[in-house]
Amino acid sequence: MRRISASLAVAIASWCLAAPAAAGLLGSTIGLRPLIQRIKFDAPALPPMAFNRFCHRYEAECRSRPLFRGGPVQLTPERLKDLKQVNEAVNRDIVAARLDNEAEEAWVLNPARGDCNDYAVTKRHELLKRGWPARVLLLSEVVVPGGEHHLVLVVRTNEGDVVLDNLNAQLRPWSRAPYRWVRMQLPNSSKLWTTIADRRV
């Protein structure tokens with residue numbers, strides 16, 4: 001993804017370190033269904049080139065996993081706690097950094113310093129380690145209001161599609177993230193991507 005400006009990166013890094021634990025909107029799963037909409041897939045799309053390099057470097061992150069059951073996961077209190085803990089910990093532990101050479105962009109797991117891509121793939125990695133199924137942990141490319149491309153992790157739950165984002169400490173329904181949605185992974189294959197039918201803002 002294209003990188004944020006240096007001044008914004010510093011501001012984000014400071015904000016992430018001081019941000020409170022994710023709470024509020026998804027503090028309870030009661031009554032969320034009317035608020036959260038599901039992302040509708042549109043047409044097959046090529047994945048980002050940096051994603052292909054990521055899969056070459058971290059083969060286990062992109063390997064096909066058997067689908068014993070399909071569909072979203074039940075958003076139990078324990079799973080909600082997982083999401084909050086992982087989102088907060090990764091936002092805290094990675095210091096936001098600007099990419100010097102966009103042509104050499106690499107997505108890295110658990111770096112000391114990194115950009116949105118590193119936050120997103122690390123959150124997915126940490127949830128996989130906790131036993132979450134790969135089919136519900138989908139990387140998604142969006143465009144922020146300032147026009148920069150950005151990577152987030154979308155988690156598909158029975159309460160709707162939830163966004164884990166290094167630009168926001170709170171878990172949010174995808175429909176409340178102020179982004180234009182570009183493409184994302186397909187649930188049935190980590191290596192296949194799709195465009196989004198409703199691109200929003």
# chains A, B, ... in the order shown; residues from 1 in each chain; ligands from 1

$ closest_atom_pairs --of "segment 30-100 of chain A" --to "segment 180-194 of chain A" --cutoff "10 Å" --atoms "only C-alpha atoms" --output "tab-separated table"
residue	atom	partner	partner_atom	distance
A:Ile39	CA	A:Trp181	CA	9.5
A:Lys40	CA	A:Thr194	CA	9.8
A:Phe41	CA	A:Thr194	CA	6.3
A:Asp42	CA	A:Thr194	CA	6.4
A:Ala43	CA	A:Thr194	CA	5.4
A:Pro44	CA	A:Thr194	CA	4.3
A:Ala45	CA	A:Thr194	CA	4.6
A:Leu46	CA	A:Trp193	CA	6.2
A:Pro47	CA	A:Trp193	CA	5.6
A:Pro48	CA	A:Trp193	CA	9.0
A:Phe51	CA	A:Lys191	CA	8.6
A:Asn52	CA	A:Lys191	CA	8.2
A:Cys55	CA	A:Lys191	CA	8.2
A:Glu61	CA	A:Ser190	CA	8.3
A:Cys62	CA	A:Ser190	CA	5.5
A:Arg63	CA	A:Ser190	CA	7.0
A:Ser64	CA	A:Ser189	CA	6.2
A:Arg65	CA	A:Ser189	CA	8.1
A:Pro66	CA	A:Asn188	CA	9.1
A:Leu67	CA	A:Asn188	CA	7.7
A:Gly70	CA	A:Asn188	CA	8.5
A:Gly71	CA	A:Pro187	CA	8.4
A:Pro72	CA	A:Pro187	CA	9.3

$ select_by_dssp --residues "segment 52-144 of chain A" --states "strand (DSSP E)" --output "list in words"
Val95, Ala96, Arg113, Gly114, Leu137, Leu138, Leu139, Ser140, Glu141, Val142 and Val143 of chain A

$ atom_distance --atom1 "atom CA of Pro111 of chain A" --atom2 "atom CA of Gly131 of chain A"
21.8 Å

$ closest_residue --among "A:Arg57, A:Lys129, A:Lys84, A:His150" --to "Gln170 of chain A" --atoms "only C-alpha atoms"
A:Lys84

$ residues_around --residues "Val163 of chain A" --least-positions-apart "2" --cutoff "12 Å" --atoms "only C-alpha atoms" --output "number ranges by chain"
A: 22, 25-26, 36-39, 83-84, 87, 120, 123-124, 136-142, 151-157, 160-161, 165-179, 181

$ write_last_selection --atoms "C-alpha atoms" --output "PDB file, in the first residue's frame"
ATOM      1  CA  ALA A  22     -10.911  -1.107  22.061  1.00  0.00           C
ATOM      2  CA  LEU A  25     -19.343   0.013  19.731  1.00  0.00           C
ATOM      3  CA  LEU A  26     -18.518  -3.676  20.027  1.00  0.00           C
ATOM      4  CA  ILE A  36     -23.462  -4.111  10.907  1.00  0.00           C
ATOM      5  CA  GLN A  37     -23.763  -5.035   7.270  1.00  0.00           C
ATOM      6  CA  ARG A  38     -21.924  -7.772   5.435  1.00  0.00           C
ATOM      7  CA  ILE A  39     -19.421  -6.997   2.706  1.00  0.00           C
ATOM      8  CA  LEU A  83     -10.241  -9.390  18.887  1.00  0.00           C
ATOM      9  CA  LYS A  84      -9.823  -6.542  21.360  1.00  0.00           C
ATOM     10  CA  ASN A  87      -6.011  -5.264  18.004  1.00  0.00           C
ATOM     11  CA  ALA A 120      -2.854  -6.182   9.371  1.00  0.00           C
ATOM     12  CA  LYS A 123      -3.193  -9.324  13.582  1.00  0.00           C
ATOM     13  CA  ARG A 124      -4.267 -12.099  11.237  1.00  0.00           C
ATOM     14  CA  VAL A 136     -13.012 -15.372   8.547  1.00  0.00           C
ATOM     15  CA  LEU A 137      -9.709 -13.420   8.677  1.00  0.00           C
ATOM     16  CA  LEU A 138      -9.591 -11.414   5.463  1.00  0.00           C
ATOM     17  CA  LEU A 139      -7.022  -8.801   4.489  1.00  0.00           C
ATOM     18  CA  SER A 140      -8.638  -5.868   2.717  1.00  0.00           C
ATOM     19  CA  GLU A 141      -7.256  -2.951   0.741  1.00  0.00           C
ATOM     20  CA  VAL A 142      -9.051   0.351   1.232  1.00  0.00           C
ATOM     21  CA  LEU A 151      -4.584  -2.348   4.566  1.00  0.00           C
ATOM     22  CA  VAL A 152      -6.923  -3.557   7.326  1.00  0.00           C
ATOM     23  CA  LEU A 153      -8.062  -6.907   8.658  1.00  0.00           C
ATOM     24  CA  VAL A 154     -11.753  -7.765   8.288  1.00  0.00           C
ATOM     25  CA  VAL A 155     -13.159 -10.461  10.581  1.00  0.00           C
ATOM     26  CA  ARG A 156     -16.400 -12.141   9.488  1.00  0.00           C
ATOM     27  CA  THR A 157     -18.680 -12.862  12.464  1.00  0.00           C
ATOM     28  CA  GLY A 160     -21.334  -8.760  10.819  1.00  0.00           C
ATOM     29  CA  ASP A 161     -17.954  -7.881   9.319  1.00  0.00           C
ATOM     30  CA  ASP A 165      -7.304  -1.165  12.012  1.00  0.00           C
ATOM     31  CA  ASN A 166      -4.096   0.497  13.151  1.00  0.00           C
ATOM     32  CA  LEU A 167      -5.662   3.929  12.511  1.00  0.00           C
ATOM     33  CA  ASN A 168      -8.407   3.334  15.075  1.00  0.00           C
ATOM     34  CA  ALA A 169      -8.220   1.716  18.523  1.00  0.00           C
ATOM     35  CA  GLN A 170     -11.820   0.533  18.391  1.00  0.00           C
ATOM     36  CA  LEU A 171     -13.302  -2.425  16.585  1.00  0.00           C
ATOM     37  CA  ARG A 172     -15.790  -1.148  14.012  1.00  0.00           C
ATOM     38  CA  PRO A 173     -18.418  -2.536  11.658  1.00  0.00           C
ATOM     39  CA  TRP A 174     -17.054  -2.266   8.120  1.00  0.00           C
ATOM     40  CA  SER A 175     -19.919   0.060   7.189  1.00  0.00           C
ATOM     41  CA  ARG A 176     -18.701   2.594   9.773  1.00  0.00           C
ATOM     42  CA  ALA A 177     -15.095   2.708   8.615  1.00  0.00           C
ATOM     43  CA  PRO A 178     -14.782   5.880   6.469  1.00  0.00           C
ATOM     44  CA  TYR A 179     -12.981   4.196   3.595  1.00  0.00           C
ATOM     45  CA  TRP A 181     -13.195  -0.419  -0.313  1.00  0.00           C
TER      46      TRP A 181
END

$ select_by_dssp --residues "segment 38-197 of chain A" --states "helix (DSSP H, G or I)" --output "ChimeraX atom specification"
/A:49-57,59-62,77-93,102-104,116-129,134-136,174-176

$ closest_residue --among "A:Gln74, A:Asn117, A:Gln85, A:Asn91" --to "Pro133 of chain A" --atoms "only C-alpha atoms"
A:Gln74
